[in-house]
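Coordinates from protein-v1.cif are shown below (mmCIF, C-alpha atoms; chains and numbers go by the auth columns).
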```
data_final
#
loop_
_atom_site.group_PDB
_atom_site.id
_atom_site.type_symbol
_atom_site.label_atom_id
_atom_site.label_comp_id
_atom_site.label_asym_id
_atom_site.label_seq_id
_atom_site.Cartn_x
_atom_site.Cartn_y
_atom_site.Cartn_z
_atom_site.B_iso_or_equiv
_atom_site.auth_seq_id
_atom_site.auth_asym_id
ATOM 1 C CA MET A 1 15.684 -13.149 7.772 0.00 590 A
ATOM 2 C CA SER A 2 16.084 -9.983 9.879 0.00 591 A
ATOM 3 C CA LYS A 3 17.196 -8.068 6.780 0.00 592 A
ATOM 4 C CA LEU A 4 14.097 -9.285 4.918 0.00 593 A
ATOM 5 C CA ARG A 5 11.865 -8.198 7.771 0.00 594 A
ATOM 6 C CA GLY A 6 13.443 -4.760 7.763 0.00 595 A
ATOM 7 C CA THR A 7 12.779 -4.364 4.039 0.00 596 A
ATOM 8 C CA ILE A 8 9.195 -5.571 4.456 0.00 597 A
ATOM 9 C CA VAL A 9 8.615 -3.028 7.239 0.00 598 A
ATOM 10 C CA ARG A 10 9.986 -0.197 5.102 0.00 599 A
ATOM 11 C CA VAL A 11 7.844 -1.207 2.131 0.00 600 A
ATOM 12 C CA VAL A 12 4.744 -1.442 4.338 0.00 601 A
ATOM 13 C CA VAL A 13 5.405 2.018 5.813 0.00 602 A
ATOM 14 C CA PHE A 14 5.793 3.421 2.299 0.00 603 A
ATOM 15 C CA GLY A 15 2.530 1.759 1.257 0.00 604 A
ATOM 16 C CA LEU A 16 0.720 3.238 4.265 0.00 605 A
ATOM 17 C CA ALA A 17 2.048 6.703 3.453 0.00 606 A
ATOM 18 C CA MET A 18 0.985 6.364 -0.180 0.00 607 A
ATOM 19 C CA GLY A 19 -2.447 5.175 0.929 0.00 608 A
ATOM 20 C CA TYR A 20 -2.833 8.288 3.057 0.00 609 A
ATOM 21 C CA LEU A 21 -1.688 10.527 0.218 0.00 610 A
ATOM 22 C CA GLU A 22 -4.160 8.868 -2.160 0.00 611 A
ATOM 23 C CA ALA A 23 -6.981 9.334 0.341 0.00 612 A
ATOM 24 C CA VAL A 24 -6.139 13.018 0.781 0.00 613 A
ATOM 25 C CA VAL A 25 -6.265 13.589 -2.985 0.00 614 A
ATOM 26 C CA VAL A 26 -9.685 11.933 -3.127 0.00 615 A
ATOM 27 C CA VAL A 27 -10.887 14.049 -0.179 0.00 616 A
ATOM 28 C CA TYR A 28 -10.065 17.187 -2.167 0.00 617 A
ATOM 29 C CA LEU A 29 -11.633 15.800 -5.354 0.00 618 A
ATOM 30 C CA ARG A 30 -14.847 14.997 -3.539 0.00 619 A
ATOM 31 C CA GLU A 31 -14.945 18.442 -1.973 0.00 620 A
ATOM 32 C CA ILE A 32 -14.893 19.843 -5.512 0.00 621 A
ATOM 33 C CA TYR A 33 -17.170 17.404 -7.342 0.00 622 A
ATOM 34 C CA TYR A 34 -19.250 15.769 -4.582 0.00 623 A
ATOM 35 C CA PRO A 35 -19.720 18.331 -1.783 0.00 624 A
ATOM 36 C CA GLY A 36 -22.830 16.468 -0.642 0.00 625 A
ATOM 37 C CA GLY A 37 -21.064 13.095 -0.541 0.00 626 A
ATOM 38 C CA PHE A 38 -19.948 10.648 -3.216 0.00 627 A
ATOM 39 C CA SER A 39 -22.645 8.706 -5.052 0.00 628 A
ATOM 40 C CA PHE A 40 -23.585 7.437 -8.495 0.00 629 A
ATOM 41 C CA PRO A 41 -24.254 8.595 -11.155 0.00 630 A
ATOM 42 C CA LEU A 42 -20.922 10.307 -11.529 0.00 631 A
ATOM 43 C CA VAL A 43 -20.950 14.022 -12.163 0.00 632 A
ATOM 44 C CA PRO A 44 -19.353 15.198 -15.426 0.00 633 A
ATOM 45 C CA ILE A 45 -15.787 16.432 -15.165 0.00 634 A
ATOM 46 C CA SER A 46 -13.715 18.403 -17.635 0.00 635 A
ATOM 47 C CA ALA A 47 -11.532 16.591 -20.148 0.00 636 A
ATOM 48 C CA ARG A 48 -8.473 18.227 -18.590 0.00 637 A
ATOM 49 C CA ASP A 49 -9.297 16.981 -15.101 0.00 638 A
ATOM 50 C CA LEU A 50 -10.038 13.504 -16.451 0.00 639 A
ATOM 51 C CA TRP A 51 -6.646 13.273 -18.127 0.00 640 A
ATOM 52 C CA VAL A 52 -4.957 14.684 -15.035 0.00 641 A
ATOM 53 C CA GLU A 53 -6.611 11.961 -12.947 0.00 642 A
ATOM 54 C CA ILE A 54 -5.614 9.240 -15.423 0.00 643 A
ATOM 55 C CA GLY A 55 -2.059 10.587 -15.361 0.00 644 A
ATOM 56 C CA ARG A 56 -2.070 10.535 -11.563 0.00 645 A
ATOM 57 C CA GLU A 57 -3.158 6.898 -11.570 0.00 646 A
ATOM 58 C CA ALA A 58 -0.447 6.007 -14.069 0.00 647 A
ATOM 59 C CA ALA A 59 2.148 7.835 -11.957 0.00 648 A
ATOM 60 C CA THR A 60 0.961 5.951 -8.860 0.00 649 A
ATOM 61 C CA LEU A 61 1.472 2.633 -10.636 0.00 650 A
ATOM 62 C CA VAL A 62 4.979 3.696 -11.680 0.00 651 A
ATOM 63 C CA MET A 63 5.812 4.624 -8.077 0.00 652 A
ATOM 64 C CA LEU A 64 4.547 1.288 -6.771 0.00 653 A
ATOM 65 C CA LEU A 65 6.398 -0.611 -9.484 0.00 654 A
ATOM 66 C CA MET A 66 9.635 1.256 -8.784 0.00 655 A
ATOM 67 C CA THR A 67 9.266 0.517 -5.072 0.00 656 A
ATOM 68 C CA GLY A 68 9.190 -3.172 -5.894 0.00 657 A
ATOM 69 C CA MET A 69 12.132 -2.833 -8.270 0.00 658 A
ATOM 70 C CA LEU A 70 14.245 -1.009 -5.695 0.00 659 A
ATOM 71 C CA SER A 71 13.331 -3.299 -2.792 0.00 660 A
ATOM 72 C CA GLY A 72 13.983 -6.697 -4.357 0.00 661 A
ATOM 73 C CA LYS A 73 17.185 -8.316 -5.532 0.00 662 A
ATOM 74 C CA SER A 74 15.695 -10.827 -7.968 0.00 663 A
ATOM 75 C CA ALA A 75 12.799 -10.747 -10.414 0.00 664 A
ATOM 76 C CA ARG A 76 10.780 -12.887 -8.012 0.00 665 A
ATOM 77 C CA SER A 77 11.391 -10.700 -4.951 0.00 666 A
ATOM 78 C CA ARG A 78 10.802 -7.495 -6.920 0.00 667 A
ATOM 79 C CA PHE A 79 7.439 -8.843 -8.028 0.00 668 A
ATOM 80 C CA ALA A 80 6.624 -9.834 -4.455 0.00 669 A
ATOM 81 C CA PHE A 81 7.503 -6.404 -3.071 0.00 670 A
ATOM 82 C CA PHE A 82 5.396 -4.786 -5.794 0.00 671 A
ATOM 83 C CA LEU A 83 2.432 -6.945 -4.750 0.00 672 A
ATOM 84 C CA LEU A 84 3.037 -6.073 -1.102 0.00 673 A
ATOM 85 C CA VAL A 85 3.266 -2.299 -1.506 0.00 674 A
ATOM 86 C CA PHE A 86 0.306 -2.267 -3.919 0.00 675 A
ATOM 87 C CA ALA A 87 -1.889 -4.210 -1.504 0.00 676 A
ATOM 88 C CA VAL A 88 -0.913 -2.159 1.559 0.00 677 A
ATOM 89 C CA TRP A 89 -1.501 1.064 -0.394 0.00 678 A
ATOM 90 C CA ASP A 90 -4.955 -0.065 -1.506 0.00 679 A
ATOM 91 C CA ILE A 91 -6.122 -1.196 1.937 0.00 680 A
ATOM 92 C CA ALA A 92 -4.644 1.898 3.612 0.00 681 A
ATOM 93 C CA TYR A 93 -6.452 4.099 1.107 0.00 682 A
ATOM 94 C CA TYR A 94 -9.854 2.815 2.230 0.00 683 A
ATOM 95 C CA LEU A 95 -8.897 2.865 5.899 0.00 684 A
ATOM 96 C CA PHE A 96 -7.893 6.533 5.710 0.00 685 A
ATOM 97 C CA LEU A 97 -11.005 7.430 3.703 0.00 686 A
ATOM 98 C CA LYS A 98 -13.059 5.810 6.449 0.00 687 A
ATOM 99 C CA LEU A 99 -11.211 7.822 9.104 0.00 688 A
ATOM 100 C CA ILE A 100 -11.415 11.130 7.257 0.00 689 A
ATOM 101 C CA LEU A 101 -14.766 10.998 5.437 0.00 690 A
ATOM 102 C CA VAL A 102 -16.511 8.173 7.340 0.00 691 A
ATOM 103 C CA TRP A 103 -16.801 6.527 3.914 0.00 692 A
ATOM 104 C CA PRO A 104 -17.498 3.858 2.773 0.00 693 A
ATOM 105 C CA ALA A 105 -20.577 3.214 4.891 0.00 694 A
ATOM 106 C CA GLY A 106 -20.115 -0.531 4.397 0.00 695 A
ATOM 107 C CA PRO A 107 -18.115 -3.107 2.428 0.00 696 A
ATOM 108 C CA GLY A 108 -20.804 -3.385 -0.239 0.00 697 A
ATOM 109 C CA VAL A 109 -20.610 0.271 -1.294 0.00 698 A
ATOM 110 C CA GLU A 110 -19.604 0.575 -4.948 0.00 699 A
ATOM 111 C CA ASP A 111 -16.634 2.680 -5.920 0.00 700 A
ATOM 112 C CA ILE A 112 -14.628 3.704 -8.953 0.00 701 A
ATOM 113 C CA LEU A 113 -11.494 1.637 -8.515 0.00 702 A
ATOM 114 C CA PHE A 114 -9.465 2.629 -11.557 0.00 703 A
ATOM 115 C CA LEU A 115 -9.783 4.419 -14.889 0.00 704 A
ATOM 116 C CA ILE A 116 -7.213 2.718 -17.132 0.00 705 A
ATOM 117 C CA PRO A 117 -8.178 1.724 -19.820 0.00 706 A
ATOM 118 C CA VAL A 118 -11.866 1.873 -18.800 0.00 707 A
ATOM 119 C CA PRO A 119 -13.611 2.610 -15.498 0.00 708 A
ATOM 120 C CA TRP A 120 -13.214 -0.247 -13.007 0.00 709 A
ATOM 121 C CA VAL A 121 -16.275 -0.412 -10.740 0.00 710 A
ATOM 122 C CA GLY A 122 -16.896 -2.765 -7.849 0.00 711 A
ATOM 123 C CA PRO A 123 -17.832 -3.036 -4.192 0.00 712 A
ATOM 124 C CA VAL A 124 -15.197 -1.909 -1.725 0.00 713 A
ATOM 125 C CA TRP A 125 -14.806 -5.408 -0.290 0.00 714 A
ATOM 126 C CA ALA A 126 -13.523 -6.770 -3.627 0.00 715 A
ATOM 127 C CA PRO A 127 -10.224 -4.818 -3.857 0.00 716 A
ATOM 128 C CA VAL A 128 -9.698 -5.337 -0.113 0.00 717 A
ATOM 129 C CA VAL A 129 -10.078 -9.124 -0.460 0.00 718 A
ATOM 130 C CA LEU A 130 -7.796 -9.105 -3.495 0.00 719 A
ATOM 131 C CA SER A 131 -5.218 -7.013 -1.634 0.00 720 A
ATOM 132 C CA ALA A 132 -5.264 -9.440 1.301 0.00 721 A
ATOM 133 C CA SER A 133 -4.509 -12.262 -1.152 0.00 722 A
ATOM 134 C CA MET A 134 -1.679 -10.239 -2.645 0.00 723 A
ATOM 135 C CA ILE A 135 -0.143 -9.690 0.784 0.00 724 A
ATOM 136 C CA VAL A 136 -0.236 -13.412 1.553 0.00 725 A
ATOM 137 C CA LEU A 137 1.258 -14.281 -1.844 0.00 726 A
ATOM 138 C CA SER A 138 4.032 -11.702 -1.465 0.00 727 A
ATOM 139 C CA ILE A 139 5.016 -13.049 1.972 0.00 728 A
ATOM 140 C CA VAL A 140 4.971 -16.635 0.677 0.00 729 A
ATOM 141 C CA ILE A 141 7.302 -15.663 -2.173 0.00 730 A
ATOM 142 C CA LEU A 142 9.635 -13.581 -0.013 0.00 731 A
ATOM 143 C CA ARG A 143 9.914 -16.123 2.788 0.00 732 A
ATOM 144 C CA GLY A 144 10.431 -18.926 0.305 0.00 733 A
ATOM 145 C CA GLU A 145 13.147 -17.052 -1.545 0.00 734 A
ATOM 146 C CA ASP A 146 14.844 -16.151 1.727 0.00 735 A
ATOM 147 C CA CYS A 147 14.907 -19.851 2.680 0.00 736 A
ATOM 148 C CA HIS A 148 15.603 -21.069 -0.884 0.00 737 A
ATOM 149 C CA ALA A 149 12.404 -23.099 -0.645 0.00 738 A
ATOM 150 C CA VAL A 150 10.264 -22.013 -3.611 0.00 739 A
ATOM 151 C CA PRO A 151 11.675 -24.071 -6.526 0.00 740 A
ATOM 152 C CA ARG A 152 8.247 -24.677 -8.076 0.00 741 A
ATOM 153 C CA LEU A 153 6.828 -21.168 -8.048 0.00 742 A
ATOM 154 C CA ALA A 154 6.519 -21.244 -11.846 0.00 743 A
ATOM 155 C CA ARG A 155 3.838 -23.938 -11.537 0.00 744 A
ATOM 156 C CA ALA A 156 1.752 -21.596 -9.399 0.00 745 A
ATOM 157 C CA LEU A 157 1.500 -19.238 -12.372 0.00 746 A
ATOM 158 C CA TYR A 158 -0.881 -21.736 -14.029 0.00 747 A
ATOM 159 C CA PHE A 159 -3.341 -20.692 -11.306 0.00 748 A
ATOM 160 C CA LEU A 160 -2.237 -17.127 -10.599 0.00 749 A
ATOM 161 C CA ILE A 161 -2.326 -15.809 -14.169 0.00 750 A
ATOM 162 C CA PRO A 162 -5.857 -16.992 -15.062 0.00 751 A
ATOM 163 C CA GLY A 163 -6.975 -15.973 -11.578 0.00 752 A
ATOM 164 C CA ALA A 164 -5.654 -12.450 -12.074 0.00 753 A
ATOM 165 C CA LEU A 165 -7.274 -12.269 -15.520 0.00 754 A
ATOM 166 C CA CYS A 166 -10.631 -13.307 -14.040 0.00 755 A
ATOM 167 C CA VAL A 167 -10.376 -10.643 -11.347 0.00 756 A
ATOM 168 C CA ILE A 168 -9.475 -7.939 -13.868 0.00 757 A
ATOM 169 C CA ALA A 169 -12.320 -9.076 -16.138 0.00 758 A
ATOM 170 C CA SER A 170 -14.823 -8.866 -13.276 0.00 759 A
ATOM 171 C CA PHE A 171 -14.011 -5.160 -12.876 0.00 760 A
ATOM 172 C CA THR A 172 -13.512 -4.114 -16.512 0.00 761 A
ATOM 173 C CA LEU A 173 -15.704 -6.274 -18.775 0.00 762 A
ATOM 174 C CA PRO A 174 -18.956 -4.521 -17.766 0.00 763 A
ATOM 175 C CA SER A 175 -17.563 -1.184 -18.958 0.00 764 A
ATOM 176 C CA PHE A 176 -16.505 -2.780 -22.258 0.00 765 A
ATOM 177 C CA ILE A 177 -19.860 -4.528 -22.682 0.00 766 A
ATOM 178 C CA HIS A 178 -21.975 -1.514 -21.667 0.00 767 A
ATOM 179 C CA PRO A 179 -19.926 1.543 -22.632 0.00 768 A
ATOM 180 C CA ALA A 180 -23.020 3.779 -22.722 0.00 769 A
ATOM 181 C CA ALA A 181 -23.689 3.104 -19.028 0.00 770 A
ATOM 182 C CA ALA A 182 -20.073 3.817 -18.160 0.00 771 A
ATOM 183 C CA LEU A 183 -20.130 7.097 -20.095 0.00 772 A
ATOM 184 C CA SER A 184 -23.367 8.150 -18.394 0.00 773 A
ATOM 185 C CA GLY A 185 -21.745 7.779 -14.989 0.00 774 A
ATOM 186 C CA GLU A 186 -23.855 4.843 -13.857 0.00 775 A
ATOM 187 C CA PRO A 187 -22.035 2.007 -12.060 0.00 776 A
ATOM 188 C CA ALA A 188 -21.261 -0.986 -14.234 0.00 777 A
ATOM 189 C CA HIS A 189 -22.526 -4.363 -13.069 0.00 778 A
ATOM 190 C CA PHE A 190 -19.821 -6.063 -11.025 0.00 779 A
ATOM 191 C CA MET A 191 -19.255 -9.712 -12.026 0.00 780 A
ATOM 192 C CA GLY A 192 -19.096 -11.232 -8.583 0.00 781 A
ATOM 193 C CA LEU A 193 -18.995 -14.853 -9.766 0.00 782 A
ATOM 194 C CA VAL A 194 -16.103 -14.140 -12.107 0.00 783 A
ATOM 195 C CA PHE A 195 -14.277 -12.379 -9.284 0.00 784 A
ATOM 196 C CA GLY A 196 -14.930 -15.325 -6.957 0.00 785 A
ATOM 197 C CA ALA A 197 -13.575 -17.777 -9.524 0.00 786 A
ATOM 198 C CA GLY A 198 -10.479 -15.643 -9.926 0.00 787 A
ATOM 199 C CA GLU A 199 -9.935 -15.472 -6.172 0.00 788 A
ATOM 200 C CA LEU A 200 -10.223 -19.260 -5.871 0.00 789 A
ATOM 201 C CA LEU A 201 -7.580 -19.669 -8.571 0.00 790 A
ATOM 202 C CA ILE A 202 -5.328 -17.164 -6.811 0.00 791 A
ATOM 203 C CA VAL A 203 -5.703 -19.023 -3.507 0.00 792 A
ATOM 204 C CA ALA A 204 -4.839 -22.270 -5.302 0.00 793 A
ATOM 205 C CA GLY A 205 -1.756 -20.577 -6.726 0.00 794 A
ATOM 206 C CA ILE A 206 -0.732 -19.340 -3.284 0.00 795 A
ATOM 207 C CA LEU A 207 -1.031 -22.866 -1.911 0.00 796 A
ATOM 208 C CA ARG A 208 1.023 -24.236 -4.798 0.00 797 A
ATOM 209 C CA ALA A 209 3.667 -21.538 -4.284 0.00 798 A
ATOM 210 C CA SER A 210 4.062 -22.165 -0.551 0.00 799 A
ATOM 211 C CA PRO A 211 7.373 -23.749 0.492 0.00 800 A
ATOM 212 C CA GLY A 212 5.516 -26.550 2.276 0.00 801 A
ATOM 213 C CA ALA A 213 3.699 -27.468 -0.901 0.00 802 A
ATOM 214 C CA ALA A 214 6.984 -27.436 -2.811 0.00 803 A
ATOM 215 C CA ARG A 215 8.578 -29.790 -0.266 0.00 804 A
ATOM 216 C CA ARG A 216 5.598 -32.172 -0.385 0.00 805 A
ATOM 217 C CA MET A 217 5.725 -32.298 -4.187 0.00 806 A
ATOM 218 C CA THR A 218 9.472 -32.942 -4.036 0.00 807 A
ATOM 219 C CA ARG A 219 8.953 -35.879 -1.661 0.00 808 A
ATOM 220 C CA GLY A 220 6.224 -37.212 -3.882 0.00 809 A
#
```

Mind turning the file's structure into C-alpha cells?
Amino acid sequence: MSKLRGTIVRVVVFGLAMGYLEAVVVVYLREIYYPGGFSFPLVPISARDLWVEIGREAATLVMLLMTGMLSGKSARSRFAFFLLVFAVWDIAYYLFLKLILVWPAGPGVEDILFLIPVPWVGPVWAPVVLSASMIVLSIVILRGEDCHAVPRLARALYFLIPGALCVIASFTLPSFIHPAAALSGEPAHFMGLVFGAGELLIVAGILRASPGAARRMTRG
C-alpha cells in the first residue's frame, strides 16, 4: 500500500505541474488574443495558430496517457493512473488560472474546453465535477487492485461507458448540430441534462466498481 501511495503522490505532483504549465500557456494566449479579458464571441485566429493549438492539445493527451502507462503495472492500473493525472491536471489548470488571472469569475462561466474534433464548450463547473468523479474512480480501482478486491470491475463498464459517452455528447453535440455558431465564435449550448445523466451513470459505475460492492455481490 505504501508503494501505491508513493506512486499516487508522484502522479498527482506531475498533474499539478502540468496544470500550471497549461495555465501559463493560456495566460500568454489571452495576452495576445484577449488583452481585455477572455469572453465570447471568440476572436479569429490564424490557421497556423489554430493547428498549433490543436497539436498542443494532442501532445498534452499523449503526455497524460504515457504517464498512466508508465505508472501502472496492469491495464486496469494504467487506466486508473491516466484518469487520476488527467483529472488533477484539469482541476489544477483552473485553480492556477484563478490565481494568475482571477478567472473564472464563477463556476458558471463558459469556457472552451477542447478543440478535437470540434470545439467543446461548457461551464467551468462541468469539467471540474467530471474530474472529481475521475479521481474517485481512479482511487477505487487502484485501491481495489492493490487489495485484489475488484473482481467485478468489468460490470461497472456497463455504466461507465454510456456515462462517458453522455458527458462527451453534452460538450460536443452542440458544435456538430450548430456548426455555424461554432465557426462564428459563439458559445454552443451546453446540454446540462445530458451531462447530468452521464454523471449519474458514472457515479453508478463507481459504486459498482467499489470493492465493498464487489464483496456484497459475491455474498449474494

Problem - For A:Met652: contacts at 10 Å, all atoms listed in the file, fewer than 3 positions along chain excluded, given as an MDAnalysis selection string - result: chainID A and resid 607 646:649 655:658 671 674:675

Exercise for the section: Would you translate the PyMOL selection byres ((chain A and resi 620-629) around 9) into the concrete set of residues it matches in this file, as an MDAnalysis selection string? Expected result: chainID A and resid 615:619 630:634 690 692 699:700 774:776

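Comparing the minimum interatomic distances between A:Val602 and each of A:Ala669, A:Val677, A:Ala636, A:Leu659, counting all atoms listed in the file, we find that A:Val677 sits nearest.
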
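With distances taken over all atoms listed in the file, A:Phe668 is the one residue among A:Tyr609, A:Phe668, A:Phe765, A:Trp640 lying closest to A:Leu731.
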
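What separates atom CA of A:Phe779 from atom CA of A:Pro696 is a distance of 13.9 Å.
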
Which polymer residues, whether protein, DNA or RNA, lie within 6 Å of the coordinate (13.9, -3.3, 4.0) when you count all atoms listed in the file? List them as a short mmCIF file (atom, residue, chain, number, x, y, z; two decimals) with C-alpha atoms, in the frame of the given file, using the chain letters and numbers from the file.
```cif
data_model
loop_
_atom_site.label_atom_id
_atom_site.label_comp_id
_atom_site.auth_asym_id
_atom_site.auth_seq_id
_atom_site.Cartn_x
_atom_site.Cartn_y
_atom_site.Cartn_z
CA GLY A 595 13.44 -4.76 7.76
CA THR A 596 12.78 -4.36 4.04
CA ILE A 597 9.20 -5.57 4.46
CA ARG A 599 9.99 -0.20 5.10
#
```

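The coordinates place atom CA of A:Ile750 at 12.3 Å from atom CA of A:Ala786.
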
Completion exercise
Min atom-atom distance to A:Ser660 from the set A:Leu686, A:Leu593, A:Ser722, A:Ala606, counting all atoms listed in the file, belongs to A:Leu593

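If all atoms listed in the file are the atoms counted, then among A:Arg637, A:Arg667, A:Arg732, A:His778 the closest residue to A:Leu653 is A:Arg667.
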
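The closest residue to A:Lys687, picked from A:Ile728, A:Val601, A:Met780, A:Val713 and counting all atoms listed in the file, is A:Val713.
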
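Our summary of the geometry notes that atom CA of A:Leu749 is positioned 21.8 Å from atom CA of A:Pro706.
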
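Closest approach to A:Gly794 among A:Ile766, A:Ala743, A:Ala758, A:Ala694 is made by A:Ala743 (distances from only C-alpha atoms).
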
Stretch 633-647 of chain A, all listed atoms, 5 Å padding on each side: what axis-aligned box centre and edge lengths in Å to one decimal come out, as lines of an AutoDock Vina configuration file?
```
center_x = -9.9
center_y = 12.2
center_z = -15.9
size_x = 28.9
size_y = 22.4
size_z = 18.6
```

Written as a compact mmCIF listing (two decimals) with C-alpha atoms, keeping the file's coordinate frame, what is the full residue list that the PyMOL selection byres ((chain A and resi 787) around 9) yields on the file shown?
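part_24.txt, freshly written:
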```txt
# COMPACT_ATOMS: atom_id res chain seq x y z
CA PHE A 748 -3.34 -20.69 -11.31
CA LEU A 749 -2.24 -17.13 -10.60
CA PRO A 751 -5.86 -16.99 -15.06
CA GLY A 752 -6.98 -15.97 -11.58
CA ALA A 753 -5.65 -12.45 -12.07
CA LEU A 754 -7.27 -12.27 -15.52
CA CYS A 755 -10.63 -13.31 -14.04
CA VAL A 756 -10.38 -10.64 -11.35
CA ILE A 757 -9.48 -7.94 -13.87
CA SER A 759 -14.82 -8.87 -13.28
CA LEU A 782 -19.00 -14.85 -9.77
CA VAL A 783 -16.10 -14.14 -12.11
CA PHE A 784 -14.28 -12.38 -9.28
CA GLY A 785 -14.93 -15.32 -6.96
CA ALA A 786 -13.58 -17.78 -9.52
CA GLU A 788 -9.94 -15.47 -6.17
CA LEU A 789 -10.22 -19.26 -5.87
CA LEU A 790 -7.58 -19.67 -8.57
CA ILE A 791 -5.33 -17.16 -6.81
CA VAL A 792 -5.70 -19.02 -3.51
```

Practice task
Apply the PyMOL selection byres ((chain A and resi 682) around 8) to the displayed file and report the matching residues as a PyMOL selection string.
Solution key: chain A and resi 605+607-609+611-612+678-681+683-686

Exercise for the section: Determine, counting all atoms listed in the file, every residue of protein, DNA or RNA that lies within 7 Å of (-15.6, -2.6, -9.1) in the file coordinates, then give the result as a PyMOL selection string. Expected result: chain A and resi 699-702+709-712+760+779

Go ahead and write the residues just picked, C-alpha atoms, as a JSON list (two decimals), keeping the file's coordinate frame.
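Written out: selection33.json:
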```
[["chain", "number", "residue", "atom", "x", "y", "z"],
["A", 699, "GLU", "CA", -19.60, 0.57, -4.95],
["A", 700, "ASP", "CA", -16.63, 2.68, -5.92],
["A", 701, "ILE", "CA", -14.63, 3.70, -8.95],
["A", 702, "LEU", "CA", -11.49, 1.64, -8.52],
["A", 709, "TRP", "CA", -13.21, -0.25, -13.01],
["A", 710, "VAL", "CA", -16.27, -0.41, -10.74],
["A", 711, "GLY", "CA", -16.90, -2.76, -7.85],
["A", 712, "PRO", "CA", -17.83, -3.04, -4.19],
["A", 760, "PHE", "CA", -14.01, -5.16, -12.88],
["A", 779, "PHE", "CA", -19.82, -6.06, -11.02]]
```

Residue completion, stretch 689-700 of chain A, N, CA and C atoms, as a short mmCIF file (atom, residue, chain, number, x, y, z; two decimals), keeping the file's coordinate frame:
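This went into part-v7.cif:
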```
data_model
loop_
_atom_site.label_atom_id
_atom_site.label_comp_id
_atom_site.auth_asym_id
_atom_site.auth_seq_id
_atom_site.Cartn_x
_atom_site.Cartn_y
_atom_site.Cartn_z
N ILE A 689 -11.27 9.72 7.58
CA ILE A 689 -11.42 11.13 7.26
C ILE A 689 -12.86 11.50 6.87
N LEU A 690 -13.45 10.68 5.99
CA LEU A 690 -14.77 11.00 5.44
C LEU A 690 -15.89 10.13 6.01
N VAL A 691 -15.54 9.17 6.86
CA VAL A 691 -16.51 8.17 7.34
C VAL A 691 -17.18 7.51 6.12
N TRP A 692 -16.37 7.19 5.14
CA TRP A 692 -16.80 6.53 3.91
C TRP A 692 -15.76 5.47 3.57
N PRO A 693 -16.15 4.30 3.13
CA PRO A 693 -17.50 3.86 2.77
C PRO A 693 -18.34 3.49 3.99
N ALA A 694 -19.66 3.55 3.80
CA ALA A 694 -20.58 3.21 4.89
C ALA A 694 -20.54 1.73 5.20
N GLY A 695 -20.19 0.91 4.20
CA GLY A 695 -20.11 -0.53 4.40
C GLY A 695 -19.31 -1.16 3.30
N PRO A 696 -18.96 -2.45 3.43
CA PRO A 696 -18.11 -3.11 2.43
C PRO A 696 -18.78 -3.28 1.07
N GLY A 697 -20.12 -3.20 1.03
CA GLY A 697 -20.80 -3.38 -0.24
C GLY A 697 -20.96 -2.13 -1.07
N VAL A 698 -20.50 -0.99 -0.56
CA VAL A 698 -20.61 0.27 -1.29
C VAL A 698 -19.77 0.19 -2.56
N GLU A 699 -20.34 0.62 -3.69
CA GLU A 699 -19.60 0.57 -4.95
C GLU A 699 -18.73 1.82 -5.11
N ASP A 700 -17.61 1.61 -5.77
CA ASP A 700 -16.63 2.68 -5.92
C ASP A 700 -15.99 2.58 -7.29
#
```
